[in-house]
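Student: To start, I am sharing the structure in question, which I have written as structure tokens.
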2 protein chains.
Amino acid sequence: MFSNGIVANHILGALVAPERERLAAHLERVKMVLGTVIHEAGALQAHVYFPIDCVVSLLYVLENGDTAEVAIIGNDGVVGMPIITGGSRSPHRAIVQAGGSAWRMHARDLREEFERGGSAQQMLLRYSQALTIQIGQTAVCNRHHSLDQQLCRWLLMSIDRLAGNELSMTQDLIAHMLGVRREGVTQAAGKLQRTGAISYQRGRITVLDRTHLEALSCECYKVVKDEYSRLLPWDTTAEANAGGGGDDASLHEPEMVGCARAL
Amino acid sequence: MFSNGIVANHILGALVAPERERLAAHLERVKMVLGTVIHEAGALQAHVYFPIDCVVSLLYVLENGDTAEVAIIGNDGVVGMPIITGGSRSPHRAIVQAGGSAWRMHARDLREEFERGGSAQQMLLRYSQALTIQIGQTAVCNRHHSLDQQLCRWLLMSIDRLAGNELSMTQDLIAHMLGVRREGVTQAAGKLQRTGAISYQRGRITVLDRTHLEALSCECYKVVKDEYSRLLPWDTTAEANAGGGGDDASLHEPEMVGCARAL
DNA sequence: GAGCGTATGTTCGGTAACGCACATAGAAGT
DNA sequence: ACTTCTATGTGCGTTACCGAACATACGCTC
């Protein structure tokens, strides 16, 4: 059961057994509450988080308070790459965009495993590239594509990292992620709702027609998705035995940082 | 003299002596001709390039032919990170944006050194983070800032990576990099020229007033610059003995790829 | 020095997204 | 039932940038 929980995260799941067991000794399961700031911009990152069933956004906050998401991280990745690369800080705020849980571990423990140079190193390096490409595609998308297209891409990327086809998100929050006006999201989402691609009411969005969303989305979605599956091959049949809630008593709350729910 | 040439690149220059010497055995100096495609999008990357006095852009080319630069690499970095991360390919085209020369080496030789886990590994990992943050800031900038601001940022980032205060660039090429219309660049550059910040004629831009450009630029420039100096501290006094052209006879041309000068 | 290719300048109508103001409507509490 | 809070819907003038067409001007070649 325990090991099932660990492989819920693709990075951990792809490790060879001895490494996975070594890391398991350092992992603790923590609850990821929506809106919690996991890493504040510029702050020292003490832990890495391997999402199990939550989604974390990397957000840049401008001097004037405007925001823009640069990447989305789910159980396909890890929050805290700067710990691996040695920077230990990043100008991006890591914030929980969809509640759930994650495996947490101390920075030095992961660095130690990384330096052994085995499959953990390989996976983390590959994930580093996948993340970089996702960020690059965000840049491209922000430059060239319409809000409508970007919304589709964002919805797809989000539900890909969640179990079902629903997500808890107000249009206002989506607007903050995309760095656009809330009214713009209302317009775009309205169109999608009228064509039957999605339905939503008060912060509860359901994706009804994935194919339609993919058709309306820009190429950016596919580029990132393809690159992820190339770099981090993941047997989706293994995903069945993932999750399976452990005893909640053992959950630890991540430290709450100042402006959680800042949005 | 030889070692002077090597330290012209900040990554190589920051290595401890034994590692630098080990890498030197694998380095060959190559000429980087403006417009040459160093790595085509999606192609296997056989070499890494450590720029000496050239500038390389990472460009994404959309299906419809539109382009957007995601990052600029000069002697502060290395072209070919996917070789380190293990992906060996990237959806970005690497293209020479300002001619000059670079140190080139075979992918496997660099990977070998990386796996030794010494200062080369450390520097490359830190550069990986710096590059990621540059790309992220491109995303933010594309979302929130005006063409005027972006042009200032771009000019600053470019001349920072060149010796003087001049650069050879038509407005049309800049437009391709920024992913905007050429006319837009003409407008923005015209304003800068009238205020005396820059002057240019037919593909030759001279920065006259750096301070002014920095004032007009958005915060993105500073964020990236600060992060670079935090992650890759570099003694600028050492830069004096950099460059110093070796014999041109020993220069090799990088393989020319299909659509060089595609822009 | 005439001709030509390329770089830059300018104009004009169109549109996507913005900023703001305000209307509606579901959810939650008293 | 009533208020209150939050989420969503809508209209309107403004702006930045786009797309296209066209004008100028520099520098090279013959």
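Labels for the structure tokens follow display order: chains A, B, ..., residues from 1 in each chain, ligands from 1.
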Identify, on the basis of only C-alpha atoms (C1' of nucleotides), every residue whose closest approach to stretch 120-125 of chain B does not exceed 12 Å; exclude the query and any residue fewer than 6 positions from it along the same chain; express the result as a PyMOL selection string.
Tutor: (chain A and resi 81-88+111+114-115+117+121+124-125+128-129) or (chain B and resi 9-23+48+50+76-85+109-114+131-132+228+231-234)
Student: From stretch 158-236 of chain B, collect each residue whose DSSP state is alpha helix (DSSP H) and return the set as number ranges by chain.
Tutor: B: 158-160, 171-178, 182-194, 210-216, 219-231
Student: Please report as a ChimeraX atom specification which residues of chain B come no farther than 8 Å from chain D, using only C-alpha atoms (C1' of nucleotides).
Tutor: /B:146,181,184,202
Student: Could you write out that same residue set with C-alpha atoms as a PDB file, in the first residue's frame?
Tutor:
ATOM      1  CA  SER B 146       4.312  46.590 -24.076  1.00  0.00           C
ATOM      2  CA  ARG B 181       5.359  42.899 -36.570  1.00  0.00           C
ATOM      3  CA  GLY B 184       5.854  47.653 -34.459  1.00  0.00           C
ATOM      4  CA  ARG B 202      20.277  49.817 -41.801  1.00  0.00           C
TER       5      ARG B 202
END
Student: Nearest to A:Gly203 among A:Ile159, A:Gly179, A:Ser90, A:Leu167, with distances taken over only C-alpha atoms: which residue is it?
Tutor: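 Going through A:Ile159, A:Gly179, A:Ser90, A:Leu167 one by one, the smallest distance to A:Gly203 is for A:Leu167.
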Student: Taking only C-alpha atoms into account, which residues of chain A are within 6 Å of chain B, as a PDB file with N, CA and C atoms, in the first residue's frame?
Tutor:
ATOM      1  N   ALA A  68       1.232  35.998 -13.467  1.00  0.00           N
ATOM      2  CA  ALA A  68       1.246  35.149 -14.657  1.00  0.00           C
ATOM      3  C   ALA A  68       1.806  33.797 -14.268  1.00  0.00           C
ATOM      4  N   VAL A  70       3.680  30.451 -14.945  1.00  0.00           N
ATOM      5  CA  VAL A  70       4.687  30.010 -15.907  1.00  0.00           C
ATOM      6  C   VAL A  70       4.660  28.503 -16.101  1.00  0.00           C
ATOM      7  N   THR A  85      19.037  22.120  -8.739  1.00  0.00           N
ATOM      8  CA  THR A  85      19.980  22.870  -9.565  1.00  0.00           C
ATOM      9  C   THR A  85      20.948  23.684  -8.717  1.00  0.00           C
ATOM     10  N   GLY A  86      20.658  23.813  -7.444  1.00  0.00           N
ATOM     11  CA  GLY A  86      21.611  24.473  -6.573  1.00  0.00           C
ATOM     12  C   GLY A  86      21.286  25.909  -6.249  1.00  0.00           C
ATOM     13  N   LEU A 125      16.667  15.211 -13.943  1.00  0.00           N
ATOM     14  CA  LEU A 125      17.211  15.998 -15.050  1.00  0.00           C
ATOM     15  C   LEU A 125      16.227  16.047 -16.209  1.00  0.00           C
ATOM     16  N   ARG A 126      15.655  14.901 -16.492  1.00  0.00           N
ATOM     17  CA  ARG A 126      14.691  14.870 -17.584  1.00  0.00           C
ATOM     18  C   ARG A 126      13.475  15.728 -17.254  1.00  0.00           C
ATOM     19  N   THR A 132      11.172  23.055 -18.326  1.00  0.00           N
ATOM     20  CA  THR A 132      11.688  24.190 -19.092  1.00  0.00           C
ATOM     21  C   THR A 132      10.900  24.351 -20.387  1.00  0.00           C
ATOM     22  N   ILE A 135       7.535  25.826 -19.740  1.00  0.00           N
ATOM     23  CA  ILE A 135       7.642  27.260 -19.509  1.00  0.00           C
ATOM     24  C   ILE A 135       7.855  27.998 -20.833  1.00  0.00           C
ATOM     25  N   GLY A 136       8.704  27.442 -21.663  1.00  0.00           N
ATOM     26  CA  GLY A 136       8.937  28.049 -22.974  1.00  0.00           C
ATOM     27  C   GLY A 136       7.666  28.133 -23.789  1.00  0.00           C
ATOM     28  N   THR A 138       4.694  28.309 -22.617  1.00  0.00           N
ATOM     29  CA  THR A 138       3.874  29.367 -22.019  1.00  0.00           C
ATOM     30  C   THR A 138       4.261  30.711 -22.632  1.00  0.00           C
ATOM     31  N   ALA A 139       5.544  30.910 -22.799  1.00  0.00           N
ATOM     32  CA  ALA A 139       6.022  32.154 -23.404  1.00  0.00           C
ATOM     33  C   ALA A 139       5.476  32.298 -24.821  1.00  0.00           C
ATOM     34  N   VAL A 140       5.584  31.242 -25.595  1.00  0.00           N
ATOM     35  CA  VAL A 140       5.116  31.265 -26.979  1.00  0.00           C
ATOM     36  C   VAL A 140       3.615  31.529 -27.028  1.00  0.00           C
ATOM     37  N   ASN A 142       1.674  32.898 -24.780  1.00  0.00           N
ATOM     38  CA  ASN A 142       1.356  34.254 -24.359  1.00  0.00           C
ATOM     39  C   ASN A 142       1.580  35.250 -25.489  1.00  0.00           C
ATOM     40  N   ARG A 143       2.533  34.973 -26.317  1.00  0.00           N
ATOM     41  CA  ARG A 143       2.821  35.881 -27.410  1.00  0.00           C
ATOM     42  C   ARG A 143       1.795  35.770 -28.528  1.00  0.00           C
TER      43      ARG A 143
END
Student: Would you write out chain A as a CSV table (one decimal) with C-alpha atoms, in the first residue's frame, after superposing it on chain B by least squares over all in-order Cα pairs?
Tutor:
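File produced: out_4.csv:
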chain,number,residue,atom,x,y,z
A,1,MET,CA,46.6,32.2,-24.5
A,2,PHE,CA,44.7,29.1,-25.0
A,3,SER,CA,43.3,29.1,-21.5
A,4,ASN,CA,42.4,32.8,-21.8
A,5,GLY,CA,40.3,31.8,-24.7
A,6,ILE,CA,38.5,29.2,-22.7
A,7,VAL,CA,37.6,31.4,-19.7
A,8,ALA,CA,36.0,33.8,-22.2
A,9,ASN,CA,33.0,31.6,-21.5
A,10,HIS,CA,31.7,32.0,-18.0
A,11,ILE,CA,30.7,28.4,-17.5
A,12,LEU,CA,34.1,27.1,-18.6
A,13,GLY,CA,35.9,30.0,-16.8
A,14,ALA,CA,34.3,29.1,-13.5
A,15,LEU,CA,35.6,25.5,-13.5
A,16,VAL,CA,38.4,24.4,-11.3
A,17,ALA,CA,41.7,24.0,-13.2
A,18,PRO,CA,41.8,20.2,-13.5
A,19,GLU,CA,38.3,20.0,-14.9
A,20,ARG,CA,38.9,22.9,-17.2
A,21,GLU,CA,42.0,21.2,-18.6
A,22,ARG,CA,40.1,17.9,-19.0
A,23,LEU,CA,37.4,19.6,-21.0
A,24,ALA,CA,39.9,21.6,-23.0
A,25,ALA,CA,41.1,18.4,-24.6
A,26,HIS,CA,37.7,18.0,-26.2
A,27,LEU,CA,37.0,21.6,-27.1
A,28,GLU,CA,37.4,23.0,-30.6
A,29,ARG,CA,37.0,26.6,-31.6
A,30,VAL,CA,34.3,27.1,-34.2
A,31,LYS,CA,33.1,30.2,-36.1
A,32,MET,CA,29.5,31.1,-35.5
A,33,VAL,CA,28.1,32.7,-38.6
A,34,LEU,CA,25.1,34.9,-38.3
A,35,GLY,CA,21.9,33.1,-39.2
A,36,THR,CA,23.3,29.6,-38.9
A,37,VAL,CA,21.0,27.1,-37.3
A,38,ILE,CA,23.0,25.4,-34.6
A,39,HIS,CA,20.3,23.0,-33.6
A,40,GLU,CA,17.1,22.5,-35.5
A,41,ALA,CA,13.9,22.0,-33.5
A,42,GLY,CA,13.4,18.3,-32.7
A,43,ALA,CA,16.7,17.3,-34.1
A,44,LEU,CA,19.3,15.3,-32.2
A,45,GLN,CA,21.9,17.6,-30.7
A,46,ALA,CA,25.3,16.2,-31.3
A,47,HIS,CA,27.4,19.1,-29.9
A,48,VAL,CA,27.2,21.7,-27.1
A,49,TYR,CA,28.5,25.2,-27.8
A,50,PHE,CA,30.1,27.5,-25.3
A,51,PRO,CA,29.8,31.0,-26.9
A,52,ILE,CA,32.9,33.2,-26.7
A,53,ASP,CA,31.7,36.4,-28.4
A,54,CYS,CA,28.6,35.3,-30.3
A,55,VAL,CA,25.0,35.3,-29.3
A,56,VAL,CA,22.6,32.5,-29.9
A,57,SER,CA,18.8,32.6,-29.7
A,58,LEU,CA,16.4,29.8,-28.8
A,59,LEU,CA,13.5,30.3,-31.1
A,60,TYR,CA,10.2,28.5,-31.3
A,61,VAL,CA,8.7,28.3,-34.7
A,62,LEU,CA,4.9,27.8,-34.9
A,63,GLU,CA,3.1,25.7,-37.4
A,64,ASN,CA,2.1,28.8,-39.3
A,65,GLY,CA,5.7,30.0,-39.4
A,66,ASP,CA,5.4,32.7,-36.7
A,67,THR,CA,8.3,32.8,-34.3
A,68,ALA,CA,9.0,33.7,-30.8
A,69,GLU,CA,12.3,33.8,-29.0
A,70,VAL,CA,12.3,32.0,-25.6
A,71,ALA,CA,15.9,32.8,-24.6
A,72,ILE,CA,19.1,34.5,-25.5
A,73,ILE,CA,22.5,32.8,-24.8
A,74,GLY,CA,25.9,34.4,-24.9
A,75,ASN,CA,29.2,33.8,-23.2
A,76,ASP,CA,27.4,33.5,-19.9
A,77,GLY,CA,25.9,30.2,-21.0
A,78,VAL,CA,25.9,27.1,-23.1
A,79,VAL,CA,23.8,26.0,-26.1
A,80,GLY,CA,22.7,22.4,-25.8
A,81,MET,CA,21.3,21.9,-22.3
A,82,PRO,CA,19.1,19.0,-23.5
A,83,ILE,CA,22.3,17.0,-23.9
A,84,ILE,CA,22.9,17.4,-20.1
A,85,THR,CA,19.3,16.7,-19.1
A,86,GLY,CA,19.2,13.6,-21.2
A,87,GLY,CA,16.5,14.7,-23.7
A,88,SER,CA,19.0,15.3,-26.5
A,89,ARG,CA,16.4,17.2,-28.4
A,90,SER,CA,14.4,20.3,-27.9
A,91,PRO,CA,11.4,21.9,-29.7
A,92,HIS,CA,13.5,25.1,-29.9
A,93,ARG,CA,15.6,26.1,-32.8
A,94,ALA,CA,19.1,27.5,-31.8
A,95,ILE,CA,20.1,30.1,-34.3
A,96,VAL,CA,23.1,32.5,-34.3
A,97,GLN,CA,21.8,35.9,-33.7
A,98,ALA,CA,25.2,37.7,-33.6
A,99,GLY,CA,28.2,36.2,-35.4
A,100,GLY,CA,31.5,35.3,-33.6
A,101,SER,CA,33.0,32.2,-32.3
A,102,ALA,CA,32.4,29.5,-29.7
A,103,TRP,CA,33.9,26.4,-28.1
A,104,ARG,CA,32.3,23.3,-29.3
A,105,MET,CA,32.4,19.8,-27.9
A,106,HIS,CA,30.8,16.4,-28.5
A,107,ALA,CA,27.7,15.6,-26.5
A,108,ARG,CA,29.1,12.5,-24.9
A,109,ASP,CA,32.3,14.2,-23.7
A,110,LEU,CA,30.3,16.8,-21.8
A,111,ARG,CA,28.0,14.2,-20.4
A,112,GLU,CA,31.0,12.2,-19.2
A,113,GLU,CA,32.4,15.2,-17.4
A,114,PHE,CA,28.9,16.1,-16.0
A,115,GLU,CA,28.6,12.6,-14.5
A,116,ARG,CA,31.9,13.0,-12.6
A,117,GLY,CA,29.8,15.3,-10.5
A,118,GLY,CA,32.4,18.1,-10.0
A,119,SER,CA,32.3,21.8,-10.6
A,120,ALA,CA,31.2,21.2,-14.2
A,121,GLN,CA,28.0,19.5,-12.9
A,122,GLN,CA,27.4,22.3,-10.5
A,123,MET,CA,27.9,25.1,-13.0
A,124,LEU,CA,25.7,23.4,-15.6
A,125,LEU,CA,22.9,22.8,-13.1
A,126,ARG,CA,23.0,26.3,-12.0
A,127,TYR,CA,23.0,27.5,-15.6
A,128,SER,CA,20.0,25.3,-16.2
A,129,GLN,CA,18.1,27.2,-13.5
A,130,ALA,CA,19.2,30.6,-14.8
A,131,LEU,CA,18.0,29.7,-18.3
A,132,THR,CA,14.7,28.4,-17.0
A,133,ILE,CA,14.2,31.6,-15.2
A,134,GLN,CA,15.0,33.6,-18.3
A,135,ILE,CA,12.5,31.7,-20.2
A,136,GLY,CA,9.9,32.2,-17.5
A,137,GLN,CA,10.5,35.9,-17.6
A,138,THR,CA,10.0,35.8,-21.3
A,139,ALA,CA,6.6,34.3,-20.7
A,140,VAL,CA,5.7,37.0,-18.1
A,141,CYS,CA,7.0,39.8,-20.3
A,142,ASN,CA,5.0,38.5,-23.3
A,143,ARG,CA,1.9,38.5,-21.2
A,144,HIS,CA,2.1,41.9,-19.5
A,145,HIS,CA,4.5,44.3,-21.1
A,146,SER,CA,4.3,46.6,-24.0
A,147,LEU,CA,6.3,46.3,-27.2
A,148,ASP,CA,8.3,49.3,-26.2
A,149,GLN,CA,9.3,47.8,-22.9
A,150,GLN,CA,10.1,44.4,-24.5
A,151,LEU,CA,12.3,46.0,-27.1
A,152,CYS,CA,14.3,47.8,-24.3
A,153,ARG,CA,14.7,44.5,-22.5
A,154,TRP,CA,15.8,42.7,-25.6
A,155,LEU,CA,18.3,45.3,-26.6
A,156,LEU,CA,19.8,45.3,-23.1
A,157,MET,CA,20.0,41.5,-22.9
A,158,SER,CA,21.6,41.4,-26.3
A,159,ILE,CA,24.4,44.0,-25.8
A,160,ASP,CA,25.1,42.5,-22.3
A,161,ARG,CA,26.2,39.4,-24.2
A,162,LEU,CA,28.4,41.3,-26.7
A,163,ALA,CA,31.6,43.2,-26.4
A,164,GLY,CA,30.6,46.7,-27.5
A,165,ASN,CA,27.4,48.7,-27.5
A,166,GLU,CA,26.6,47.9,-31.1
A,167,LEU,CA,24.7,45.1,-32.7
A,168,SER,CA,24.0,44.0,-36.2
A,169,MET,CA,20.3,43.5,-36.4
A,170,THR,CA,17.6,44.6,-38.8
A,171,GLN,CA,14.3,45.6,-37.3
A,172,ASP,CA,12.8,42.8,-39.2
A,173,LEU,CA,14.9,40.2,-37.4
A,174,ILE,CA,14.2,41.8,-34.0
A,175,ALA,CA,10.5,41.5,-34.9
A,176,HIS,CA,10.9,37.8,-35.5
A,177,MET,CA,12.7,37.4,-32.2
A,178,LEU,CA,10.0,39.2,-30.3
A,179,GLY,CA,7.3,37.6,-32.3
A,180,VAL,CA,5.8,41.0,-33.3
A,181,ARG,CA,5.3,42.9,-36.5
A,182,ARG,CA,8.2,44.7,-38.1
A,183,GLU,CA,6.3,47.9,-38.2
A,184,GLY,CA,5.8,47.7,-34.4
A,185,VAL,CA,9.6,47.5,-34.0
A,186,THR,CA,10.0,50.5,-36.3
A,187,GLN,CA,7.6,52.5,-34.1
A,188,ALA,CA,9.3,51.5,-30.8
A,189,ALA,CA,12.8,51.9,-32.2
A,190,GLY,CA,11.8,55.3,-33.6
A,191,LYS,CA,10.8,56.5,-30.2
A,192,LEU,CA,14.1,55.3,-28.7
A,193,GLN,CA,16.0,57.0,-31.4
A,194,ARG,CA,14.2,60.3,-31.0
A,195,THR,CA,14.9,60.4,-27.3
A,196,GLY,CA,18.6,59.6,-28.0
A,197,ALA,CA,18.7,56.2,-26.3
A,198,ILE,CA,19.8,54.5,-29.4
A,199,SER,CA,20.8,55.2,-33.0
A,200,TYR,CA,20.7,53.0,-35.9
A,201,GLN,CA,20.8,52.8,-39.7
A,202,ARG,CA,20.2,49.8,-41.8
A,203,GLY,CA,20.8,47.0,-39.5
A,204,ARG,CA,23.3,48.6,-37.3
A,205,ILE,CA,22.0,49.6,-33.8
A,206,THR,CA,24.1,51.5,-31.3
A,207,VAL,CA,23.1,51.8,-27.7
A,208,LEU,CA,23.9,55.4,-26.7
A,209,ASP,CA,22.2,55.6,-23.3
A,210,ARG,CA,22.0,52.3,-21.3
A,211,THR,CA,20.6,54.0,-18.3
A,212,HIS,CA,17.7,55.3,-20.3
A,213,LEU,CA,17.0,51.9,-21.8
A,214,GLU,CA,17.0,50.4,-18.3
A,215,ALA,CA,14.6,53.0,-17.1
A,216,LEU,CA,12.2,52.3,-20.0
A,217,SER,CA,12.6,48.5,-19.7
A,218,CYS,CA,10.3,46.4,-17.6
A,219,GLU,CA,11.3,44.7,-14.4
A,220,CYS,CA,11.9,41.5,-16.4
A,221,TYR,CA,15.4,42.6,-17.4
A,222,LYS,CA,16.5,43.2,-13.9
A,223,VAL,CA,14.9,40.0,-12.6
A,224,VAL,CA,16.8,37.9,-15.1
A,225,LYS,CA,20.1,39.7,-14.7
A,226,ASP,CA,20.0,39.5,-10.9
A,227,GLU,CA,19.2,35.8,-11.1
A,228,TYR,CA,22.1,35.2,-13.4
A,229,SER,CA,24.6,37.0,-11.2
A,230,ARG,CA,23.2,35.2,-8.1
A,231,LEU,CA,23.5,31.7,-9.7
A,232,LEU,CA,26.6,32.3,-11.9
A,233,PRO,CA,28.8,34.7,-10.1
A,234,TRP,CA,31.4,36.0,-12.6
A,235,ASP,CA,34.3,38.2,-11.9
A,236,THR,CA,34.0,40.9,-14.6
A,237,THR,CA,37.6,41.9,-14.2
A,238,ALA,CA,38.6,38.5,-15.7
A,239,GLU,CA,36.7,39.5,-18.8
A,240,ALA,CA,39.5,41.7,-19.9
A,241,ASN,CA,41.8,38.9,-21.0
A,242,ALA,CA,39.0,37.1,-22.7
A,243,GLY,CA,38.6,36.9,-26.5
A,244,GLY,CA,41.9,37.8,-28.2
A,245,GLY,CA,41.4,36.2,-31.6
A,246,GLY,CA,43.3,32.9,-32.1
A,247,ASP,CA,44.6,31.9,-35.5
A,248,ASP,CA,41.6,31.7,-37.8
A,249,ALA,CA,43.1,28.8,-39.7
A,250,SER,CA,42.1,26.5,-36.8
A,251,LEU,CA,38.4,27.5,-37.0
A,252,HIS,CA,35.9,24.9,-38.0
A,253,GLU,CA,32.6,25.7,-39.4
A,254,PRO,CA,29.7,24.1,-37.5
A,255,GLU,CA,27.6,21.9,-39.7
A,256,MET,CA,25.2,24.0,-41.7
A,257,VAL,CA,21.7,22.8,-41.2
A,258,GLY,CA,18.9,22.9,-43.8
A,259,CYS,CA,17.2,26.2,-43.4
A,260,ALA,CA,19.9,28.4,-42.0
A,261,ARG,CA,18.9,32.0,-42.3
A,262,ALA,CA,15.4,30.8,-42.4
A,263,LEU,CA,14.4,34.2,-41.2
Student: Taking the DSSP secondary structure from the backbone, can you list the residues of stretch 12-170 of chain B that are strand (DSSP E), as a count of residues only?
Tutor: 43
Student: Should the cut-off be 10 Å, what would the residue list for chain C against chain B look like, counting only C-alpha atoms (C1' of nucleotides), as number ranges by chain?
Tutor: C: 6-10
